[in-house]
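J.: Let me begin by handing over the structure; questions about it come next.
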Amino acid sequence: MIVSCLFTLLSHWYRNPLQIFAYLSGVALATALWSGVQAINHEAKVSYRAAAQTLGEGQYNLIRPKQDETISVLDYVNLRKSGWLVSPVVDGSFDNVRLLGMDPLTLPSSFLFANANLTSSISGNDFFELLMTNENTSKNFGPNVKVIIDKNVAPGMAVGDISLVQRLLNKNNISYLIVNPIQPLEQTELEEIAPHLAIINTEQMTDISQLTDSFHLNLSAFGLLSFAVGLFIVHSTIGLAFEQRRAMMRSMRSMGVSLRTLIISVTTEMMILAMIGAVFGIVLGYLIAGLLLPDVAATLRGLYGANIAGTLQLRPAWWLSGLIIALLGTSLAMSSQIWQITKLPILASAKPRAWMVVTTSYFTLQMKASVVLLTLGSISAILFDGLVAGFALLGALLIAAAIALPAFLAWSLRKLQSYANTPLWDWFWADTRQQLPGLSLALMALLLAVSANIGVSTMVSSFRLTFISFLDQRLAPELFLQVASKDQSSELNTFLSERDIEVLPLMSVETVISKQPAELFGIKIGDTYRENWRFLDAVENPWDIVQLGKAIIVNEQFARRANLWVSDRVNINPNFSLPIAAIVGDYGNPKGQVIINEELFSNLFPQLYPARFGIRTDNPAELQSQIINQIGIDKNSIIDQKSLKAFSMEVFERTFLVTSALNVLTLGVASFAILMSLLTLADRRIPQLSPVWALGLTRSQLGKLELVRAVLLALFVVIFSIPTGLVLAWVLLNVINVKAFGWQLPMFLFPFEYLKLGLYAVCAAFLAATWPSLRLIKTPPSDLLKVFASER
Amino acid sequence: MVLKLNSIRKSYGTNEGKVLVLNDVSLTLFAGETLALRGESGSGKSTLLHIAGALELPDEGHVEIGGKELSKMDDTGRAAVRRKDIAIVFQHFNLIPSLNVAANINFQANLSGPVDKIKLEKIVSSLGLSDQMGKYPEALSGGQQQRVAIARALVTEPKLLLADEPTGNLDEQSSQSVLEQMLTLVAETNTALMVVTHSRNVAARMDKELQLIGGRLK
């Protein structure tokens, strides 16, 4: 019986191809953006895991040489003899690939390379002549390098036996030593065996996967938003299909189909169709992810220094998640319809007018739910700290705005109807109100898309303005350079002092301060800093106090992560603390920074010398060539202010390229939702418009009024979207950014941008309404007359 | 006995309070017997037909179809009775618009079990639908649609055929022809027929005629 019912239910779609297209494309679009984003996130996570397995970053303490020092094979032997369980690593670049030489015998077992020789089918001797790399990276090597493919090796890296890598890199020294977590109880202090070496603890290292979490969460949030917008199409189509099939279901019930059989049949039908839509969506998602991945990879490299594979693989983890969310979304969209079937008397008839009255009271209920949701979202953001609470507030805000929209539109239309001075406009406003239930889901989708666009573009543009001003402050010196040795550092200092050129030396060390990994900087405080740096908060005359060595300056992300602010004391080392004199904005940098004056820095770290410099000059090109020629600094170690700013801006723009692409796609999906709603509603419009046509309005006039209606509704949506989008921007700037990146940004308004966006949305609605309107204009009078013949 | 309604009471809640539609209604219908049920609009004729058709349950009283007591059954049980023992023809035909004539008739037949193809062809042919089988309901006239509804109803050989204003939407000529064909088929299959109608002409063609006045049968 179920097969018979299923066949009968499916026959509806066969007779309504546009509806099935709307339904399948709704599911496909919703799934596409979600699974595309999941594919990108998953690919990145696989890369982080591969990097962790290949490099062991953040899992083991390392022994590194101090500034200007090296680790010799003798150092390694001495350490091993003294009982230190360490494993040597040679790290370098070869054919644009990061080459790592390791010793599989002493390497901790969690390293990929530690197990490679055991699992490899290659005989022992051959193994030591091979580089292990993934397929993509292997293409970088010439024919003289033998490689073995292992998909688990991190992208852009190759690992081989230490002797082979030393030979390839032409290097005798060791780059660093991995310290095994299990060490003998008694061992000689490192300082005694090799004073030129230092231990770097895992806390001092930045965890890439943790750092990038917020970026991936942002992508997921966008994926979810696009999914929600797509789901509106699904919900709208399902609603219409159920309403149109109410008579069919009533007939089926009267012919002896039990409620249970009907529900099973309808659910099976919807799930089969959702599955088909989801498969299309996953294919589309794969293509979208493939297109976006290179930009995401560039963003992650620029912003966090994380390397992810530039190519996409079809992994079950993300396509399954796409399939599951499509089925869950469809279940959610159809749940209210199924509930209605259970409550539907077998002999109830579908009356649009009665339906509208019911829905109007439903609008009021939605309005109340919207207020409750907004209150709950705000309470959760106040009570709970963290990114998830921030996203909960965002979600609550968007859903609350969406469900309040029909009530706002109904109210506006009632007001406009009260001002109508001709019967035509009186009918127009009343008729528009009657269309609201059928169109409200598509209009909600448009609201979400336009609000998200306003919110995100305000956030990005505010960020851009702040970032440009920040670059002007931070990149005041005209030249930046890095020296290779202490001698070069002294030589440069002398060279510049002789010419009376202002130089800003920079000393830094990676350390742990207030339990946070941080970079401690020693700077020479002068006019450049005093004139250019703007603080978010500061005591009076902060530079004077810092110059006296009596206070520090910290960046905003450090202050927020350590929960410190101006005047709080910070332990620079266990025996020495200083108060914070100022907090400085430091956008685009994931790391915490603490700044002290150069004398204090030299006292704390006497072995360190300035390796980086900022130079003030009126003629950067000439000075650059003098420095290269006279001091012998490599030209790649010098960069002028203009290039550095251009590079920083490029990183910035690429960072938001993916966000912009997702934004445009979401708006596209919303426009599609309107088109599908109008097209699927078109048939239902005939009985509503026929009486007006019979009373004397031409089909052309009716078609034009349909266009006017779509444009006006879109305009109302845009008006409602502007405050929603601005609140969204405020939440993004003041809650999400603070939680995700550790910085708060000032909010700027861009009215021209909103006007442009509003125009796009209205144009999208106009274009979406054109086809249904043209169809109406071309409807033969015989079709309109059928209404009166009761033959429809 | 095909249908037995015993002391049926049914009321509906309205804004003005409860309205008693059927008050202590009892009737019986035997195989091959035809009954016309007449009454003013809103007198409860359709409600009585729906109760007899296992589409609604009475507030009080007993409904027995083919010896099966409906009040003891759940929705699935009542659906099975509708599939096997009852067929209903509505004023607005209630054809499934997305199925063609053949599929509409077959759908009901498939629900009830294996179809007697010879019988199906005979019914279709006697209703003059043989050359209409591939058409969709929207392409048929009202009279043709009602013939399809009758074919769909009778193909399962129900014990009881219920018709709610079967000719109410048809012109006089179609009305006569549809009624004639329905009565012939009912007689041939020995099916009990209960027709709700306003028409005296239709009522006059039935074996019995009852009037519903003030919720009671007269």
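Within each chain, counting starts at residue 1; across the structure tokens, chains are named A, B, ... in the order shown, with ligands numbered 1 upward in that order.
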From the DSSP assignment of the backbone, select every residue of region 468-688 of chain A that is strand (DSSP E or B), and format the answer as JSON, numbers by chain.
T.: {"A": [479, 480, 481, 482, 503, 504, 505, 506, 507, 508, 509, 510, 511, 512, 513, 516, 517, 518, 519, 520, 521, 522, 523, 535, 536, 537, 538, 552, 553, 554, 555, 569, 570, 571, 572, 573, 576, 577, 578, 579, 580, 581, 582, 583, 584, 592, 593, 594, 595, 596, 597, 612, 613, 614, 615, 638, 639, 640]}
J.: Restrict the selected residues to C-alpha atoms and save them as a PDB file, in the first residue's frame.
T.:
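Printed below is result_33.pdb as written:
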```pdb
ATOM      1  CA  LEU A 479      62.495  50.889   5.670  1.00  0.00           C
ATOM      2  CA  PHE A 480      62.426  47.628   7.607  1.00  0.00           C
ATOM      3  CA  LEU A 481      65.305  45.218   7.693  1.00  0.00           C
ATOM      4  CA  GLN A 482      66.622  42.150   9.387  1.00  0.00           C
ATOM      5  CA  VAL A 503      66.836  53.996  13.694  1.00  0.00           C
ATOM      6  CA  LEU A 504      64.356  51.920  15.651  1.00  0.00           C
ATOM      7  CA  PRO A 505      66.042  48.706  16.733  1.00  0.00           C
ATOM      8  CA  LEU A 506      63.807  45.853  17.780  1.00  0.00           C
ATOM      9  CA  MET A 507      64.787  43.017  20.080  1.00  0.00           C
ATOM     10  CA  SER A 508      62.426  40.189  20.782  1.00  0.00           C
ATOM     11  CA  VAL A 509      62.139  36.859  22.519  1.00  0.00           C
ATOM     12  CA  GLU A 510      59.357  34.313  22.651  1.00  0.00           C
ATOM     13  CA  THR A 511      58.362  33.608  26.220  1.00  0.00           C
ATOM     14  CA  VAL A 512      55.465  32.913  28.545  1.00  0.00           C
ATOM     15  CA  ILE A 513      53.983  35.881  30.435  1.00  0.00           C
ATOM     16  CA  GLN A 516      50.122  33.254  27.904  1.00  0.00           C
ATOM     17  CA  PRO A 517      52.603  32.585  25.094  1.00  0.00           C
ATOM     18  CA  ALA A 518      53.874  36.030  24.203  1.00  0.00           C
ATOM     19  CA  GLU A 519      56.546  37.881  22.299  1.00  0.00           C
ATOM     20  CA  LEU A 520      58.507  40.229  24.554  1.00  0.00           C
ATOM     21  CA  PHE A 521      59.888  43.233  22.657  1.00  0.00           C
ATOM     22  CA  GLY A 522      62.609  45.665  23.592  1.00  0.00           C
ATOM     23  CA  ILE A 523      62.246  48.957  21.718  1.00  0.00           C
ATOM     24  CA  PHE A 535      46.492  53.594  22.456  1.00  0.00           C
ATOM     25  CA  LEU A 536      43.136  52.000  23.218  1.00  0.00           C
ATOM     26  CA  ASP A 537      43.642  52.879  26.871  1.00  0.00           C
ATOM     27  CA  ALA A 538      46.599  54.333  28.742  1.00  0.00           C
ATOM     28  CA  ILE A 552      55.127  48.031  29.946  1.00  0.00           C
ATOM     29  CA  ILE A 553      52.851  48.301  26.957  1.00  0.00           C
ATOM     30  CA  VAL A 554      50.840  45.250  25.904  1.00  0.00           C
ATOM     31  CA  ASN A 555      48.780  44.524  22.831  1.00  0.00           C
ATOM     32  CA  ARG A 569      50.867  44.332  37.177  1.00  0.00           C
ATOM     33  CA  VAL A 570      52.467  41.735  34.942  1.00  0.00           C
ATOM     34  CA  ASN A 571      55.300  39.358  35.849  1.00  0.00           C
ATOM     35  CA  ILE A 572      57.935  39.707  33.142  1.00  0.00           C
ATOM     36  CA  ASN A 573      59.819  36.914  34.847  1.00  0.00           C
ATOM     37  CA  PHE A 576      60.153  40.954  38.309  1.00  0.00           C
ATOM     38  CA  SER A 577      56.833  42.638  37.623  1.00  0.00           C
ATOM     39  CA  LEU A 578      55.745  45.925  36.049  1.00  0.00           C
ATOM     40  CA  PRO A 579      52.375  47.658  35.616  1.00  0.00           C
ATOM     41  CA  ILE A 580      50.695  48.076  32.241  1.00  0.00           C
ATOM     42  CA  ALA A 581      50.967  51.694  31.062  1.00  0.00           C
ATOM     43  CA  ALA A 582      49.033  51.318  27.853  1.00  0.00           C
ATOM     44  CA  ILE A 583      47.091  48.897  25.688  1.00  0.00           C
ATOM     45  CA  VAL A 584      47.754  49.087  21.965  1.00  0.00           C
ATOM     46  CA  GLY A 592      50.227  38.366  22.409  1.00  0.00           C
ATOM     47  CA  GLN A 593      52.914  41.054  22.669  1.00  0.00           C
ATOM     48  CA  VAL A 594      54.551  42.793  25.618  1.00  0.00           C
ATOM     49  CA  ILE A 595      56.749  45.839  25.031  1.00  0.00           C
ATOM     50  CA  ILE A 596      59.485  47.160  27.326  1.00  0.00           C
ATOM     51  CA  ASN A 597      62.276  49.634  26.701  1.00  0.00           C
ATOM     52  CA  ARG A 612      65.268  43.827  13.281  1.00  0.00           C
ATOM     53  CA  PHE A 613      65.271  47.533  12.551  1.00  0.00           C
ATOM     54  CA  GLY A 614      62.919  50.242  11.407  1.00  0.00           C
ATOM     55  CA  ILE A 615      64.658  53.164   9.682  1.00  0.00           C
ATOM     56  CA  ILE A 638      65.051  44.666   3.461  1.00  0.00           C
ATOM     57  CA  ILE A 639      61.565  45.812   2.669  1.00  0.00           C
ATOM     58  CA  ASP A 640      60.286  49.330   2.163  1.00  0.00           C
TER      59      ASP A 640
END
```
J.: Give the helix (DSSP H, G or I) residues of chain B, as assigned by DSSP on the backbone, as a ChimeraX atom specification.
T.: /B:45-52,70-72,75-84,101-112,117-126,130-132,137-139,142-154,172-189,200-204
J.: Leaving out Leu193 (chain B) and any residue of its chain fewer than 2 positions from it, which residues lie within 8 Å of it when counting only C-alpha atoms, given as number ranges by chain?
T.: B: 32-35, 160-163, 186, 191, 195
J.: Enumerate, in order of chain and increasing residue number, the residues of chain B with an atom no farther than 10 Å from chain A, each with its shortest atom pair and distance in Å to one decimal, counting only C-alpha atoms, as CSV.
T.:
```
residue,atom,partner,partner_atom,distance
B:His50,CA,A:Leu347,CA,8.8
B:Gly53,CA,A:Ser254,CA,8.3
B:Ala54,CA,A:Ser254,CA,8.6
B:Leu55,CA,A:Ser254,CA,6.7
B:Glu56,CA,A:Ile346,CA,8.3
B:Asp74,CA,A:Ser258,CA,9.7
B:Asp75,CA,A:Ser258,CA,6.3
B:Thr76,CA,A:Ser258,CA,5.0
B:Gly77,CA,A:Ser258,CA,8.1
B:Arg78,CA,A:Gly256,CA,7.7
B:Ala79,CA,A:Gly256,CA,4.2
B:Ala80,CA,A:Gly256,CA,5.8
B:Val81,CA,A:Gly256,CA,7.1
B:Arg82,CA,A:Gly256,CA,4.6
B:Arg83,CA,A:Gly256,CA,4.2
B:Lys84,CA,A:Gly256,CA,7.9
B:Asp85,CA,A:Gly256,CA,9.7
B:Ile86,CA,A:Met255,CA,8.3
B:Ala87,CA,A:Met255,CA,6.9
B:Ile88,CA,A:Ser254,CA,7.5
B:Val89,CA,A:Ser254,CA,9.8
B:Phe90,CA,A:Ser251,CA,9.7
B:His92,CA,A:Ser790,CA,9.6
B:Phe93,CA,A:Ser251,CA,9.4
B:Asn94,CA,A:Ser251,CA,5.9
B:Leu95,CA,A:Ser251,CA,7.2
B:Ile96,CA,A:Met248,CA,5.4
B:Pro97,CA,A:Met248,CA,7.6
B:Ser98,CA,A:His12,CA,5.1
B:Leu99,CA,A:Ser11,CA,6.4
B:Asn100,CA,A:Ser11,CA,9.6
B:Ala103,CA,A:Thr8,CA,8.4
B:Asn104,CA,A:Thr8,CA,8.8
B:Asn106,CA,A:Ser4,CA,9.3
B:Phe107,CA,A:Ser4,CA,6.6
B:Gln108,CA,A:Met255,CA,6.5
B:Ala109,CA,A:Met255,CA,9.7
B:Asn110,CA,A:Ser4,CA,7.0
B:Leu111,CA,A:Met1,CA,5.7
B:Ser112,CA,A:Gly256,CA,8.5
B:Gly113,CA,A:Met1,CA,8.8
B:Pro137,CA,A:Arg792,CA,9.5
B:Glu138,CA,A:Arg792,CA,6.8
B:Ala139,CA,A:Glu791,CA,9.2
B:Leu140,CA,A:Glu791,CA,8.9
B:Ser141,CA,A:Glu791,CA,7.8
B:Gly142,CA,A:Glu791,CA,7.4
B:Arg152,CA,A:Met255,CA,9.6
B:Ala153,CA,A:Met255,CA,8.6
B:Asn169,CA,A:Ser790,CA,9.1
```
J.: Please dump the current selection as a PDB file, in the first residue's frame; keep C-alpha atoms.
T.:
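Output contents, as saved in again_4.pdb:
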```
ATOM      1  CA  HIS B  50     -19.372  10.736   7.075  1.00  0.00           C
ATOM      2  CA  GLY B  53     -18.410   6.143   5.919  1.00  0.00           C
ATOM      3  CA  ALA B  54     -16.093   5.703   8.929  1.00  0.00           C
ATOM      4  CA  LEU B  55     -14.711   9.170   8.265  1.00  0.00           C
ATOM      5  CA  GLU B  56     -15.992  10.548  11.557  1.00  0.00           C
ATOM      6  CA  ASP B  74      -8.506   2.769  15.865  1.00  0.00           C
ATOM      7  CA  ASP B  75      -7.715   4.937  12.838  1.00  0.00           C
ATOM      8  CA  THR B  76      -5.893   2.089  11.059  1.00  0.00           C
ATOM      9  CA  GLY B  77      -8.856  -0.280  11.586  1.00  0.00           C
ATOM     10  CA  ARG B  78     -11.352   2.272  10.323  1.00  0.00           C
ATOM     11  CA  ALA B  79      -9.097   2.968   7.320  1.00  0.00           C
ATOM     12  CA  ALA B  80      -9.153  -0.771   6.538  1.00  0.00           C
ATOM     13  CA  VAL B  81     -12.985  -0.734   6.627  1.00  0.00           C
ATOM     14  CA  ARG B  82     -12.984   2.234   4.243  1.00  0.00           C
ATOM     15  CA  ARG B  83     -10.642   0.378   1.919  1.00  0.00           C
ATOM     16  CA  LYS B  84     -12.499  -2.915   1.853  1.00  0.00           C
ATOM     17  CA  ASP B  85     -16.156  -2.318   2.649  1.00  0.00           C
ATOM     18  CA  ILE B  86     -17.015   1.256   1.752  1.00  0.00           C
ATOM     19  CA  ALA B  87     -16.648   3.582  -1.200  1.00  0.00           C
ATOM     20  CA  ILE B  88     -17.569   7.248  -1.246  1.00  0.00           C
ATOM     21  CA  VAL B  89     -18.500   9.525  -4.148  1.00  0.00           C
ATOM     22  CA  PHE B  90     -18.303  13.248  -3.405  1.00  0.00           C
ATOM     23  CA  HIS B  92     -16.696  17.697  -6.025  1.00  0.00           C
ATOM     24  CA  PHE B  93     -15.500  14.309  -7.302  1.00  0.00           C
ATOM     25  CA  ASN B  94     -12.273  14.352  -5.213  1.00  0.00           C
ATOM     26  CA  LEU B  95     -10.148  12.894  -7.966  1.00  0.00           C
ATOM     27  CA  ILE B  96      -6.403  13.090  -7.532  1.00  0.00           C
ATOM     28  CA  PRO B  97      -5.415  15.824 -10.007  1.00  0.00           C
ATOM     29  CA  SER B  98      -1.899  14.536 -10.582  1.00  0.00           C
ATOM     30  CA  LEU B  99      -3.054  11.047 -11.626  1.00  0.00           C
ATOM     31  CA  ASN B 100      -4.707  10.240 -14.938  1.00  0.00           C
ATOM     32  CA  ALA B 103      -4.225   5.714 -12.229  1.00  0.00           C
ATOM     33  CA  ASN B 104      -7.065   7.293 -10.239  1.00  0.00           C
ATOM     34  CA  ASN B 106      -6.237   1.817 -10.040  1.00  0.00           C
ATOM     35  CA  PHE B 107      -5.146   3.650  -6.917  1.00  0.00           C
ATOM     36  CA  GLN B 108      -8.338   2.764  -5.046  1.00  0.00           C
ATOM     37  CA  ALA B 109      -8.228  -0.751  -6.499  1.00  0.00           C
ATOM     38  CA  ASN B 110      -4.598  -1.276  -5.444  1.00  0.00           C
ATOM     39  CA  LEU B 111      -5.374  -0.156  -1.908  1.00  0.00           C
ATOM     40  CA  SER B 112      -7.981  -2.902  -1.550  1.00  0.00           C
ATOM     41  CA  GLY B 113      -5.943  -5.749  -2.966  1.00  0.00           C
ATOM     42  CA  PRO B 137      -9.036  15.120 -14.424  1.00  0.00           C
ATOM     43  CA  GLU B 138      -8.550  18.743 -15.497  1.00  0.00           C
ATOM     44  CA  ALA B 139      -9.187  17.705 -19.114  1.00  0.00           C
ATOM     45  CA  LEU B 140     -12.561  16.094 -18.300  1.00  0.00           C
ATOM     46  CA  SER B 141     -16.002  17.637 -17.979  1.00  0.00           C
ATOM     47  CA  GLY B 142     -17.802  17.535 -14.626  1.00  0.00           C
ATOM     48  CA  ARG B 152     -13.093   4.289  -8.773  1.00  0.00           C
ATOM     49  CA  ALA B 153     -15.639   3.625  -6.028  1.00  0.00           C
ATOM     50  CA  ASN B 169     -22.352  19.787  -9.690  1.00  0.00           C
TER      51      ASN B 169
END
```
J.: When you look at Asp385 (chain A) with a cut-off of 12 Å (counting only C-alpha atoms), what residues show up, excluding the ones that are within fewer than 5 positions of it in the same chain? I need them as an NGL selection string.
T.: :A and (378-380 or 390-393 or 735-736 or 738-740)
J.: Neighbouring residues of Ala445 (chain A) were defined as those with any atom within 7 Å, considering only C-alpha atoms; residues of the same chain fewer than 5 positions away were excluded. Please report them as a ChimeraX atom specification.
T.: /A:229,232,670
J.: Could those selected residues go to a file with C-alpha atoms, as a compact mmCIF listing (two decimals), in the first residue's frame?
T.:
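Just written: result-v1.txt:
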```txt
# COMPACT_ATOMS: atom_id res chain seq x y z
CA VAL A 229 18.61 30.62 3.82
CA PHE A 232 13.69 28.68 3.73
CA ALA A 670 17.80 34.39 -1.26
```
J.: Quick one: distance from CA of Phe716 (chain A) to CA of Leu441 (chain A) in Å, one decimal?
T.: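 According to the coordinates, CA of Phe716 (chain A) and CA of Leu441 (chain A) are separated by 14.3 Å.
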J.: In Å, rounded to a single decimal, give me how far CA of Leu185 (chain B) is from CA of Ser130 (chain B).
T.: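 Distance reported for this atom pair: 16.1 Å.
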J.: Which residues come within 10 Å of Trp427 (chain A), counting only C-alpha atoms, excluding same-chain residues fewer than 5 positions away, as number ranges by chain?
T.: A: 417, 420, 422, 432-433, 692
J.: Could you save the residues just selected, with N, CA and C atoms, as a PDB file, in the first residue's frame?
T.:
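Output (out35.pdb):
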```
ATOM      1  N   GLN A 417      -2.824  50.397   3.568  1.00  0.00           N
ATOM      2  CA  GLN A 417      -4.196  50.194   3.098  1.00  0.00           C
ATOM      3  C   GLN A 417      -5.118  51.285   3.644  1.00  0.00           C
ATOM      4  N   ALA A 420      -5.064  54.188   1.436  1.00  0.00           N
ATOM      5  CA  ALA A 420      -5.440  53.990   0.032  1.00  0.00           C
ATOM      6  C   ALA A 420      -6.673  54.825  -0.301  1.00  0.00           C
ATOM      7  N   THR A 422      -8.096  54.832  -3.570  1.00  0.00           N
ATOM      8  CA  THR A 422      -8.887  54.286  -4.684  1.00  0.00           C
ATOM      9  C   THR A 422      -9.160  52.810  -4.379  1.00  0.00           C
ATOM     10  N   THR A 432      -1.956  42.054  -1.202  1.00  0.00           N
ATOM     11  CA  THR A 432      -0.539  41.848  -0.839  1.00  0.00           C
ATOM     12  C   THR A 432      -0.450  41.190   0.540  1.00  0.00           C
ATOM     13  N   ARG A 433      -1.337  41.651   1.426  1.00  0.00           N
ATOM     14  CA  ARG A 433      -1.353  41.046   2.769  1.00  0.00           C
ATOM     15  C   ARG A 433      -1.710  39.567   2.693  1.00  0.00           C
ATOM     16  N   VAL A 692     -10.727  40.070 -10.300  1.00  0.00           N
ATOM     17  CA  VAL A 692     -10.287  41.457 -10.522  1.00  0.00           C
ATOM     18  C   VAL A 692     -10.187  41.711 -12.021  1.00  0.00           C
TER      19      VAL A 692
END
```
J.: From the set B:Lys119, B:Gln144, B:Gly214, B:Ser71, which residue has the shortest atom-to-atom contact distance to Asp131 (chain B), counting only C-alpha atoms?
T.: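 Closest to Asp131 (chain B), using only C-alpha atoms: B:Gln144.
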J.: Which is closest to Val101 (chain B) among B:Val115, B:Leu217, B:Val148, B:Ile123, if we use only C-alpha atoms?
T.: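 Distance minimum relative to Val101 (chain B) lands on B:Val148.
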J.: What's the 9 Å shell around Gly329 (chain A), counting only C-alpha atoms, without same-chain residues fewer than 6 positions away, as a list in words?
T.: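 Skipping anything fewer than 6 positions along the chain leaves Val27, Ala30, Phe227, Ala228, Leu231, Val234 and His235 of chain A.
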J.: Could those selected residues go to a file with C-alpha atoms, as an mmCIF file, in the first residue's frame?
T.:
```
data_model
loop_
_atom_site.group_PDB
_atom_site.id
_atom_site.type_symbol
_atom_site.label_atom_id
_atom_site.label_comp_id
_atom_site.auth_asym_id
_atom_site.auth_seq_id
_atom_site.Cartn_x
_atom_site.Cartn_y
_atom_site.Cartn_z
ATOM 1 C CA VAL A 27 17.959 21.360 -0.614
ATOM 2 C CA ALA A 30 21.393 24.691 1.376
ATOM 3 C CA PHE A 227 22.064 26.580 4.938
ATOM 4 C CA ALA A 228 19.317 28.391 6.838
ATOM 5 C CA LEU A 231 16.192 25.845 4.094
ATOM 6 C CA VAL A 234 12.743 24.012 1.195
ATOM 7 C CA HIS A 235 10.296 25.041 3.910
#
```
